[in-house]
Every structure is written in C-alpha cells, then in structure tokens.
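Source file final18.txt; content: compact mmCIF, C-alpha atoms and all ligand atoms.
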```txt
# COMPACT_ATOMS: atom_id res chain seq x y z
CA MET A 171 0.00 0.00 0.00
CA THR A 172 1.26 3.48 -0.86
CA LEU A 173 0.51 6.94 0.46
CA ALA A 174 -1.88 7.42 -2.45
CA HIS A 175 -3.93 4.49 -1.17
CA LEU A 176 -4.21 6.38 2.11
CA GLY A 177 -5.53 9.46 0.33
CA PHE A 178 -2.34 11.41 -0.37
CA ASP A 179 -3.29 13.15 -3.61
CA SER A 180 -2.15 16.06 -5.76
CA TRP A 181 -3.68 18.58 -3.34
CA PHE A 182 -1.33 17.48 -0.57
CA ALA A 183 1.57 17.07 -2.99
CA ALA A 184 1.12 20.72 -3.89
CA HIS A 185 1.42 21.61 -0.22
CA VAL A 186 4.79 20.04 0.27
CA THR A 187 7.49 22.52 1.06
CA ASP A 188 11.23 22.20 1.36
CA ASN A 189 10.77 22.92 5.00
CA THR A 190 8.34 20.17 5.61
CA VAL A 191 10.42 17.57 3.90
CA ASP A 192 14.04 17.63 5.03
CA GLY A 193 14.60 14.02 5.91
CA CYS A 194 11.05 13.40 7.06
CA SER A 195 8.54 10.90 5.82
CA PHE A 196 4.87 11.53 5.27
CA ALA A 197 2.25 9.69 7.26
CA ARG A 198 -1.39 9.97 8.17
CA ILE A 199 -2.75 10.14 11.69
CA SER A 200 -4.78 7.00 12.34
CA ALA A 201 -5.60 7.51 16.01
CA VAL A 202 -5.36 10.18 18.69
CA ASP A 203 -5.68 9.46 22.36
CA ARG A 204 -4.98 12.23 24.83
CA GLY A 205 -1.84 13.57 23.22
CA SER A 206 -0.49 10.30 21.93
CA TYR A 207 -0.81 9.45 18.28
CA ARG A 208 -0.66 6.58 15.85
CA ILE A 209 0.58 7.18 12.33
CA LEU A 210 0.12 5.11 9.23
CA ASP A 211 2.20 5.18 6.05
CA GLY A 212 0.81 2.27 4.09
CA GLU A 213 3.41 -0.20 5.35
CA LYS A 214 3.34 0.23 9.08
CA GLU A 215 1.42 1.86 11.86
CA VAL A 216 3.46 3.09 14.80
CA PRO A 217 3.00 5.22 17.92
CA ALA A 218 4.17 8.79 17.54
CA GLU A 219 4.57 11.92 19.57
CA LEU A 220 4.97 15.58 18.76
CA SER A 221 8.42 17.08 18.50
CA GLY A 222 9.26 19.47 21.32
CA ARG A 223 9.49 22.32 18.86
CA PHE A 224 6.09 21.60 17.41
CA SER A 225 4.44 21.32 20.82
CA TYR A 226 6.02 24.57 21.79
CA GLN A 227 4.84 26.42 18.70
CA VAL A 228 1.25 25.26 18.78
CA ASP A 229 -0.83 27.95 20.42
CA ARG A 230 -4.31 26.63 19.87
CA SER A 231 -5.71 23.15 20.21
CA GLY A 232 -7.11 23.21 16.67
CA ASP A 233 -3.58 23.20 15.30
CA LEU A 234 -2.68 19.92 16.96
CA PRO A 235 -2.89 16.86 14.75
CA CYS A 236 -6.25 15.12 14.56
CA VAL A 237 -7.33 11.87 12.96
CA GLY A 238 -6.99 12.06 9.19
CA ASP A 239 -4.26 14.69 9.21
CA TRP A 240 -1.20 14.31 7.03
CA VAL A 241 2.02 14.92 8.92
CA THR A 242 5.75 14.80 8.44
CA ALA A 243 7.54 12.44 10.80
CA ASN A 244 10.90 10.91 11.65
CA TYR A 245 11.02 7.25 12.55
CA TYR A 246 13.39 5.87 15.14
CA ASN A 247 14.08 2.68 17.03
CA GLU A 248 14.09 0.61 13.82
CA ASP A 249 10.96 2.32 12.57
CA SER A 250 8.95 1.24 15.58
CA ALA A 251 8.12 4.77 16.75
CA ALA A 252 8.11 8.28 15.35
CA ILE A 253 8.30 11.98 16.08
CA ILE A 254 5.80 14.26 14.37
CA HIS A 255 7.24 17.52 13.08
CA ARG A 256 4.53 19.22 11.09
CA VAL A 257 0.91 18.97 10.09
CA PHE A 258 -0.05 19.53 6.47
CA PRO A 259 -2.71 22.11 5.73
CA ARG A 260 -6.16 20.54 5.90
CA LYS A 261 -8.09 20.07 2.70
CA THR A 262 -11.30 19.64 4.68
CA PHE A 263 -12.15 19.22 8.35
CA LEU A 264 -14.84 18.63 10.91
CA ARG A 265 -14.68 20.61 14.09
CA ARG A 266 -16.87 21.72 16.90
CA LYS A 267 -16.89 24.40 19.48
CA ALA A 268 -14.65 23.51 22.41
CA ALA A 269 -16.47 22.96 25.68
CA GLY A 270 -17.06 25.91 27.96
CA GLU A 271 -16.81 29.63 27.33
CA THR A 272 -13.73 29.57 25.14
CA VAL A 273 -13.87 30.55 21.50
CA ASP A 274 -11.59 27.72 20.52
CA PHE A 275 -12.52 24.89 18.21
CA GLN A 276 -11.88 21.26 18.69
CA MET A 277 -10.78 19.49 15.53
CA ILE A 278 -12.50 16.18 15.21
CA ALA A 279 -11.09 14.89 11.97
CA ALA A 280 -9.38 16.17 8.88
CA ASN A 281 -9.24 15.48 5.18
CA ILE A 282 -12.59 13.81 4.83
CA ASP A 283 -13.95 13.65 1.30
CA ALA A 284 -17.55 12.96 2.21
CA ALA A 285 -19.54 12.84 5.43
CA PHE A 286 -22.51 10.52 5.64
CA ILE A 287 -25.14 12.33 7.65
CA VAL A 288 -27.20 9.49 9.02
CA GLN A 289 -30.82 9.81 10.05
CA SER A 290 -33.20 7.02 10.82
CA CYS A 291 -36.45 7.03 8.86
CA HIS A 292 -38.10 5.94 12.03
CA PHE A 293 -37.78 8.08 15.16
CA ASP A 294 -34.86 10.36 14.47
CA PHE A 295 -35.95 11.96 11.23
CA ASN A 296 -35.76 15.72 11.63
CA THR A 297 -34.82 18.17 8.91
CA ARG A 298 -33.83 20.87 11.43
CA ARG A 299 -31.25 18.53 12.92
CA LEU A 300 -30.16 17.58 9.45
CA GLU A 301 -29.49 21.26 8.72
CA ARG A 302 -27.10 21.41 11.66
CA TYR A 303 -25.02 18.59 10.33
CA LEU A 304 -25.09 20.10 6.86
CA VAL A 305 -23.74 23.34 8.29
CA MET A 306 -21.00 21.50 10.10
CA ALA A 307 -19.95 19.75 6.90
CA ALA A 308 -20.10 22.98 4.89
CA ASP A 309 -18.01 24.75 7.52
CA GLY A 310 -15.13 22.37 6.84
CA ARG A 311 -15.87 21.99 3.10
CA VAL A 312 -16.75 18.34 3.49
CA THR A 313 -19.21 17.02 0.91
CA PRO A 314 -22.39 15.91 2.68
CA VAL A 315 -24.32 12.79 1.71
CA VAL A 316 -27.56 12.08 3.52
CA VAL A 317 -28.15 8.46 4.52
CA LEU A 318 -31.64 7.45 5.60
CA THR A 319 -31.51 4.21 7.58
CA LYS A 320 -34.09 1.68 8.76
CA THR A 321 -36.19 1.90 5.62
CA ASP A 322 -37.59 -1.50 6.61
CA LEU A 323 -39.69 0.26 9.24
CA ILE A 324 -41.66 2.51 6.89
CA SER A 325 -43.64 2.22 3.67
CA ARG A 326 -42.32 3.11 0.25
CA ASP A 327 -44.65 6.12 0.14
CA GLU A 328 -43.44 7.38 3.44
CA LEU A 329 -39.84 6.95 2.31
CA ASP A 330 -40.54 8.97 -0.82
CA ARG A 331 -41.97 11.77 1.31
CA LYS A 332 -38.90 11.71 3.55
CA ILE A 333 -36.52 11.81 0.62
CA ALA A 334 -38.46 14.80 -0.75
CA ALA A 335 -38.21 16.51 2.64
CA VAL A 336 -34.44 15.98 2.64
CA THR A 337 -33.90 17.26 -0.87
CA ALA A 338 -35.91 20.36 0.04
CA VAL A 339 -33.29 21.38 2.61
CA ALA A 340 -30.12 19.67 1.42
CA ALA A 341 -28.09 20.11 -1.72
CA ALA A 342 -26.79 16.60 -1.20
CA ASP A 343 -27.14 13.09 -2.55
CA VAL A 344 -29.58 10.97 -0.59
CA ILE A 345 -29.10 7.26 0.02
CA ALA A 346 -31.81 5.14 1.64
CA LEU A 347 -31.02 1.72 3.06
CA SER A 348 -31.84 -0.88 5.65
CA SER A 349 -29.30 -2.88 7.58
CA VAL A 350 -32.05 -5.35 8.47
CA SER A 351 -33.37 -6.17 4.99
CA GLY A 352 -30.11 -5.24 3.27
CA ASP A 353 -31.97 -3.04 0.78
CA GLY A 354 -29.72 -0.32 -0.57
CA PHE A 355 -26.58 -1.53 1.17
CA ALA A 356 -24.79 -2.85 -1.91
CA GLU A 357 -25.35 0.42 -3.77
CA PHE A 358 -24.12 2.31 -0.77
CA GLN A 359 -20.97 0.21 -0.50
CA GLU A 360 -20.29 0.61 -4.21
CA SER A 361 -20.50 4.38 -3.88
CA LEU A 362 -17.36 4.36 -1.70
CA ALA A 363 -14.27 5.09 -3.79
CA PRO A 364 -10.80 3.67 -3.05
CA GLY A 365 -8.44 6.24 -1.54
CA LYS A 366 -11.30 8.53 -0.51
CA THR A 367 -12.02 9.21 3.14
CA TYR A 368 -15.49 8.99 4.65
CA CYS A 369 -17.10 9.41 8.03
CA PHE A 370 -20.50 8.96 9.63
CA LEU A 371 -22.32 11.64 11.57
CA GLY A 372 -25.67 11.38 13.29
CA SER A 373 -27.53 10.95 16.53
CA SER A 374 -27.18 7.97 18.77
CA GLY A 375 -29.26 5.00 17.73
CA VAL A 376 -29.73 5.82 14.07
CA GLY A 377 -27.73 2.80 12.96
CA LYS A 378 -24.20 4.13 12.38
CA THR A 379 -22.43 1.33 14.25
CA THR A 380 -24.46 -1.33 12.50
CA LEU A 381 -23.54 0.18 9.16
CA ILE A 382 -19.87 0.64 10.00
CA ASN A 383 -19.57 -2.93 11.30
CA ARG A 384 -21.13 -4.17 8.14
CA LEU A 385 -18.66 -2.20 6.02
CA ILE A 386 -15.69 -3.35 8.03
CA GLY A 387 -16.92 -6.93 8.07
CA GLN A 388 -14.27 -9.49 8.83
CA ASP A 389 -11.42 -7.42 7.49
CA MET A 390 -8.52 -8.17 9.83
CA PHE A 391 -6.50 -5.09 9.01
CA ALA A 392 -9.42 -2.86 9.70
CA THR A 393 -10.58 -4.43 12.91
CA ARG A 394 -7.30 -5.25 14.62
CA SER A 395 -7.30 -2.96 17.59
CA VAL A 396 -4.36 -0.74 18.30
CA SER A 397 -3.93 -2.24 21.74
CA ASP A 398 -3.20 -5.63 20.20
CA THR A 399 0.28 -4.42 19.45
CA GLY A 400 0.93 -4.52 23.18
CA GLU A 401 2.76 -1.28 23.43
CA GLY A 402 1.58 -0.26 26.83
CA THR A 403 -0.81 2.18 28.29
CA HIS A 404 -0.72 4.72 25.49
CA THR A 405 -2.19 2.40 22.95
CA THR A 406 -5.50 1.50 24.48
CA SER A 407 -7.48 3.41 21.88
CA ARG A 408 -9.07 1.74 18.93
CA ARG A 409 -7.81 2.66 15.52
CA GLN A 410 -9.90 5.54 14.29
CA LEU A 411 -8.93 5.51 10.63
CA VAL A 412 -9.41 2.20 8.91
CA VAL A 413 -8.85 0.98 5.38
CA LEU A 414 -11.84 -0.97 4.13
CA SER A 415 -11.21 -4.07 2.05
CA ARG A 416 -12.21 -2.29 -1.16
CA GLY A 417 -9.78 0.55 -0.49
CA ALA A 418 -12.06 3.28 0.83
CA LEU A 419 -10.96 4.91 4.09
CA LEU A 420 -13.24 5.32 7.06
CA ILE A 421 -12.79 7.66 10.00
CA ASP A 422 -14.76 6.98 13.14
CA THR A 423 -13.65 8.78 16.28
CA PRO A 424 -15.29 8.96 19.68
CA GLY A 425 -15.56 12.73 19.18
CA MET A 426 -17.57 12.22 16.06
CA ARG A 427 -20.19 10.45 18.11
CA GLU A 428 -20.77 13.44 20.34
CA LEU A 429 -21.09 16.05 17.66
CA GLY A 430 -23.94 18.46 17.83
CA MET A 431 -22.45 21.88 18.25
CA ILE A 432 -21.99 23.77 15.06
CA GLY A 433 -18.87 25.48 13.90
CA SER A 434 -19.16 28.81 12.15
CA GLY A 435 -21.29 31.22 10.20
CA ASP A 436 -19.45 30.53 7.01
CA GLY A 437 -20.85 27.02 6.90
CA ILE A 438 -24.31 28.41 7.52
CA ASP A 439 -24.09 30.73 4.56
CA ARG A 440 -22.90 27.88 2.42
CA SER A 441 -25.69 25.52 3.29
CA PHE A 442 -28.37 28.21 3.35
CA GLU A 443 -27.10 29.68 0.13
CA GLU A 444 -30.52 30.84 -1.11
CA VAL A 445 -31.09 32.88 2.06
CA SER A 446 -27.65 34.42 2.19
CA GLU A 447 -27.83 35.32 -1.48
CA LEU A 448 -31.12 37.10 -0.92
CA SER A 449 -29.70 39.18 1.89
CA ALA A 450 -27.12 40.56 -0.52
CA ARG A 451 -30.05 42.08 -2.45
CA CYS A 452 -31.60 43.95 0.48
CA ARG A 453 -31.62 47.73 0.12
CA TYR A 454 -29.55 48.24 3.26
CA THR A 455 -26.34 46.33 3.73
CA ASN A 456 -26.91 46.00 7.48
CA CYS A 457 -30.54 44.90 7.02
CA SER A 458 -31.87 42.86 9.92
CA HIS A 459 -34.58 41.38 7.67
CA GLN A 460 -37.25 42.33 10.16
CA HIS A 461 -39.02 45.50 9.00
CA GLU A 462 -36.66 47.49 6.80
CA PRO A 463 -38.05 48.65 3.46
CA GLY A 464 -36.61 46.93 0.40
CA CYS A 465 -35.78 43.75 2.31
CA ALA A 466 -35.31 40.93 -0.20
CA VAL A 467 -35.44 38.24 2.47
CA ARG A 468 -38.84 39.34 3.89
CA ALA A 469 -40.15 39.64 0.34
CA ALA A 470 -39.10 36.07 -0.43
CA ILE A 471 -40.71 34.78 2.76
CA ASP A 472 -43.89 36.73 2.09
CA ASN A 473 -44.29 35.41 -1.43
CA GLY A 474 -43.45 31.88 -0.30
CA ASN A 475 -40.08 31.49 -2.03
CA VAL A 476 -38.33 30.84 1.26
CA PRO A 477 -40.25 28.80 3.87
CA GLU A 478 -40.68 30.67 7.12
CA ASP A 479 -39.31 27.81 9.26
CA ARG A 480 -36.22 27.48 7.09
CA TYR A 481 -35.52 31.14 7.60
CA ALA A 482 -36.11 30.71 11.34
CA SER A 483 -33.50 27.98 11.58
CA TYR A 484 -31.10 30.08 9.54
CA LEU A 485 -31.45 32.90 12.08
CA LYS A 486 -31.11 30.55 15.01
CA LEU A 487 -27.93 28.96 13.71
CA LYS A 488 -26.50 32.37 12.85
CA LYS A 489 -27.09 33.57 16.36
CA GLU A 490 -25.49 30.51 17.93
CA SER A 491 -22.42 30.83 15.79
CA SER A 492 -21.79 34.56 15.88
CA PHE A 493 -19.85 34.17 19.10
CA HIS A 494 -17.30 32.03 17.28
CA GLU A 495 -16.94 34.16 14.22
CA MET A 496 -13.77 35.77 15.51
CA THR A 497 -11.93 32.52 15.89
CA TYR A 498 -12.90 31.58 12.41
CA LEU A 499 -11.47 34.78 10.96
CA GLU A 500 -8.26 34.22 12.84
CA LYS A 501 -8.13 30.74 11.44
CA ARG A 502 -8.61 32.05 7.91
CA LYS A 503 -5.69 34.37 8.31
CA LYS A 504 -3.60 31.48 9.49
CA ASP A 505 -4.56 29.43 6.46
CA LYS A 506 -3.42 32.29 4.26
CA ASP A 507 -0.07 32.31 6.00
CA PHE A 508 0.16 28.63 5.25
CA GLY A 509 -0.69 29.34 1.64
CA ARG A 510 2.25 31.67 1.30
CA PHE A 511 4.42 28.85 2.49
CA ILE A 512 3.58 26.61 -0.41
CA LYS A 513 6.28 25.47 -2.78
CA SER A 514 5.65 22.35 -4.73
CA VAL A 515 8.30 19.68 -4.38
CA LYS A 516 6.74 16.90 -6.36
CA LYS A 517 9.79 14.66 -6.36
CA HIS A 518 9.32 13.93 -2.70
CA THR A 519 5.90 12.51 -3.27
CA LYS A 520 6.84 9.87 -5.84
CA ARG A 521 6.62 6.73 -3.78
N1 LIG B 1 -35.15 -1.93 11.95
C1 LIG B 1 -33.89 -1.59 11.81
N2 LIG B 1 -33.10 -1.46 12.91
C2 LIG B 1 -31.81 -1.10 12.74
C3 LIG B 1 -31.26 -0.85 11.46
N3 LIG B 1 -29.97 -0.49 11.62
C4 LIG B 1 -29.72 -0.52 12.95
N4 LIG B 1 -30.83 -0.88 13.63
C5 LIG B 1 -30.97 -1.02 15.08
O1 LIG B 1 -30.95 0.28 15.66
C6 LIG B 1 -30.30 0.25 16.92
C7 LIG B 1 -29.20 1.28 16.98
O2 LIG B 1 -28.22 0.95 16.01
P1 LIG B 1 -26.70 1.39 16.16
O3 LIG B 1 -26.00 0.93 14.94
O4 LIG B 1 -26.15 0.97 17.46
O5 LIG B 1 -26.87 2.96 16.16
P2 LIG B 1 -25.73 4.05 16.29
O6 LIG B 1 -26.12 5.17 15.38
O7 LIG B 1 -24.40 3.47 16.06
O8 LIG B 1 -25.86 4.52 17.76
P3 LIG B 1 -24.63 4.86 18.75
O9 LIG B 1 -23.75 3.66 18.78
O10 LIG B 1 -25.33 5.12 20.04
O11 LIG B 1 -23.98 6.08 18.17
C8 LIG B 1 -29.81 -1.18 17.11
O12 LIG B 1 -30.71 -1.85 17.92
C9 LIG B 1 -29.80 -1.73 15.70
O13 LIG B 1 -30.00 -3.12 15.68
C10 LIG B 1 -32.12 -0.99 10.32
O14 LIG B 1 -31.74 -0.80 9.16
N5 LIG B 1 -33.41 -1.35 10.57
ZN ZN B 2 -33.29 42.27 4.56
```
Show me, as structure tokens, the structure contained in the file I just sent.
Amino acid sequence: MTLAHLGFDSWFAAHVTDNTVDGCSFARISAVDRGSYRILDGEKEVPAELSGRFSYQVDRSGDLPCVGDWVTANYYNEDSAAIIHRVFPRKTFLRRKAAGETVDFQMIAANIDAAFIVQSCHFDFNTRRLERYLVMAADGRVTPVVVLTKTDLISRDELDRKIAAVTAVAAADVIALSSVSGDGFAEFQESLAPGKTYCFLGSSGVGKTTLINRLIGQDMFATRSVSDTGEGTHTTSRRQLVVLSRGALLIDTPGMRELGMIGSGDGIDRSFEEVSELSARCRYTNCSHQHEPGCAVRAAIDNGNVPEDRYASYLKLKKESSFHEMTYLEKRKKDKDFGRFIKSVKKHTKR
C-alpha cells in the first residue's frame, strides 16, 4: 500500500514545502488518544509523539494533529516509533466548538472527502437537525451525503416523502437503506471510492455502528485494535482511521459520536445559500430582515419562495455561531499564512 492508497493526492503534494520535507517521511494520523498518536504510512502503523518544537509552537488546540491529518515524521528505534514535526494544511475538516466559554474549536477529523449524515427514517428523522449537520460539513468543506436508515420500518410512500423533505433542505445526494433487509446496502458500498475518506455523523441509535460494522466486516486489518500491538498504556485506543477491504478509508472517532455543536457562520451561509444570497439584495447592507423597506429576504418569505421555518432555523444557527466568528477569521488568516508557504516539491511525493 502506498501513500496514495491512504488518500495522499495532488492537493497534498502541492502543499509540500522544502521545509516540511528535510529528511522526514509523510504519514497519516490514524488515532489520537490524549496527546499520543498513531501514524500510518501504508506499510506500518506506529506510535508517535509531537516534537518538542512543534508542541512549543502550537498555540491553539485546533492546530494539533487530529485523525486524518497528514504529517511529516521521523522514525526511530528501527521504525517502531516516530516523532511528528509538522501537520499539512487541511483540505477539509470537521470541528466543533470547544467545551465551555472559550472561542476555541476542537478538531474532530481532517481530510474527509464525504460525510454521511445518518438519520433514521423511524424516530430520528428531523430536517432541522439535518441542517445542523449540513452546516458542520459545509463549515469544513466536506461534501455531505444524507443516509436514511431503517427503511424497513416505513412504507415506500413514506420513504418517498422523507426523501423529498431531505432534498428540500439539502443540496446533497440521498441514500436510503436498511441494515435489516439489506436493501440499498450494496449500492451504498459501491459508492465508496478507493483512496477517498469517509465518516458517519448522526444521533445515537440511528444505525451508524451497524452500518460501520457491516462495512468493516471481517477485514482483519481494519478491525485489529491498536492495543493488540501490546505497546503499553498509550495504545488503548481503537484505531480511528481504517482501510476498508475495497480501499475506501473510514474515519470513526469517539468525538464524532458526540457532535452536535456547530462550527461557524461561514458554513451556515454555504448551506443556506438561497437565504444568504437574498440578503445581498436587500436595500440596506446592514438589514436585519425584520421590517426594513426593500428587504429581499422578507419579500421572499412573504411570497413563499423561502419557507418561514427554514428562515427561522437560519437565524437561530447564525445567532449561535456569531460568538465564534472571531476565531474563524483568525483561522482564515492562518490558512493564508500557510498558503504563502507553499512550494511544490513533487519529487518527494513519488513513492
Ligand atoms: N429496523 C432496523 N433497525 C436497525 C437498522 N440499523 C440498525 N438498527 C438497530 O438500531 C439500533 C441502533 O443501532 P446502532 O448501529 O447501534 O446505532 P448508532 O447510530 O451506532 O448509535 P450509537 O452507537 O449510540 O452512536 C440497534 O438496535 C440496531 O440493531 C435498520 O436498518 N433497521
Ligand atoms: Zn433584509
């Protein structure tokens, strides 16, 4: 297996710099457990820790490596352990607000090509909740795919209505399946591309674990737990990035299972594009869309082009996220700094 099989593509190759390379290898973070890491390079998976310099330079938790990150590392002790020197810029990410009053974000996973937003057709189905997950995906530029599970529990008509309700709020593909009858599973599995990274988001009980276990199946590489390597107390965590037998990559972290808090306003504007586009057409640039004359948003609600409840959830999400806007802007600036740093060194990526 090569780095390309683990998802190292031309985007990352273009972000290689002389600085990042000097004598280091590239690897992908496969597990994080309280400051200790596991890294994978296609041939081996070893425990790793951050270099002193890196630890010292990191000033916010979001800059620490998370599952799915590409890093540069030095191996030692006959390649049985490694030191992490740098984290590559993230192509995409999932993050949530850190607990408490801070404005920091907690990175949950990076470099995910598509997030499966799972809702059960049965009890969990809720388009408002779906919107939250869509915003979270849009925030980190992850492509959302909606998966409706437990189709065995409802009629075909009801399923059609649910699919229509999803497509009304989500610019995303919709997959419907049942892990009990097996309907839709094969198509779902075939939609996973080798070398692409996926994850599952959704409330507890919607059927994520059932689906993941079915995908992983009996694959030994995927299911062998990290602790099996017997390397002591730091390796008790389960591997969080697994390679499925058909070559697709799956990220499943404990943090992903407790998602719920949204990230930033930018994601909201992206997933409520029709609303944010309207607001650009209001007469006043600082329009509150409440009673100003020439308000394009109110006009669209009044003539039924934008459903009132959709607009209400847009406002609600905006309000929740405004507190974190600052952090996001800071982050953007940082990304720009990273951009300046880019010098392509393609020869280092031929492996
Ligand atoms: N009828 C039906 N039940 C299902 C289906 N998929 C899963 N279940 C059941 O739903 C329950 C919850 O499934 P899980 O896979 O544990 O759900 P989860 O989303 O992983 O939940 P957490 O582990 O709490 O995050 C279990 O009792 C499953 O057997 C399905 O397609 N149809
Ligand atoms: Zn307005």
Contacts with ligand ZN 2 (chain B) at most 8 Å, all atoms listed in the file counted, listed as a PyMOL selection string: chain A and resi 448-449+451-454+456-462+464-468
Shell of 9 Å around Val257 (chain A), only C-alpha atoms, local chain residues under 2 positions omitted, as a list of chain:residue names: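 These residues fall inside the cut-off: A:Thr190, A:Asp233, A:Leu234, A:Pro235, A:Asp239, A:Trp240, A:Val241, A:Thr242, A:Ile254, A:His255, A:Pro259, A:Arg260.
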Would you mind listing, for every residue of chain A within 8 Å of ligand LIG 1 (chain B), the two atoms forming the shortest contact and the distance between them in Å to one decimal, using only C-alpha atoms and all ligand atoms, sorted by chain and ascending residue number, as a Markdown table?
```
| residue | atom | partner | partner_atom | distance |
| --- | --- | --- | --- | --- |
| A:Val288 | CA | B:LIG1 | O6 | 7.8 |
| A:Thr319 | CA | B:LIG1 | O14 | 5.3 |
| A:Lys320 | CA | B:LIG1 | O14 | 3.4 |
| A:Thr321 | CA | B:LIG1 | O14 | 6.3 |
| A:Asp322 | CA | B:LIG1 | N5 | 5.8 |
| A:Leu323 | CA | B:LIG1 | N1 | 5.7 |
| A:Leu347 | CA | B:LIG1 | O14 | 6.6 |
| A:Ser348 | CA | B:LIG1 | O14 | 3.5 |
| A:Ser349 | CA | B:LIG1 | O14 | 3.6 |
| A:Val350 | CA | B:LIG1 | O14 | 4.6 |
| A:Ser351 | CA | B:LIG1 | O14 | 7.0 |
| A:Gly352 | CA | B:LIG1 | O14 | 7.6 |
| A:Gly372 | CA | B:LIG1 | O6 | 6.6 |
| A:Ser373 | CA | B:LIG1 | O6 | 6.1 |
| A:Ser374 | CA | B:LIG1 | O10 | 3.6 |
| A:Gly375 | CA | B:LIG1 | O8 | 3.4 |
| A:Val376 | CA | B:LIG1 | O6 | 3.9 |
| A:Gly377 | CA | B:LIG1 | O3 | 3.2 |
| A:Lys378 | CA | B:LIG1 | O6 | 3.7 |
| A:Thr379 | CA | B:LIG1 | O7 | 3.4 |
| A:Thr380 | CA | B:LIG1 | O3 | 3.7 |
| A:Leu381 | CA | B:LIG1 | O3 | 6.3 |
| A:Ile382 | CA | B:LIG1 | O3 | 7.9 |
| A:Arg427 | CA | B:LIG1 | O11 | 5.8 |
```
Proximity to Tyr481 (chain A) - best of A:Leu414, A:Arg230, A:Leu362, A:Arg298, only C-alpha atoms: A:Arg298
Who sits within 7 Å of Cys369 (chain A), all atoms listed in the file, same chain under 6 positions skipped, as a VMD selection string: chain A and resid 284 to 286 420 to 422
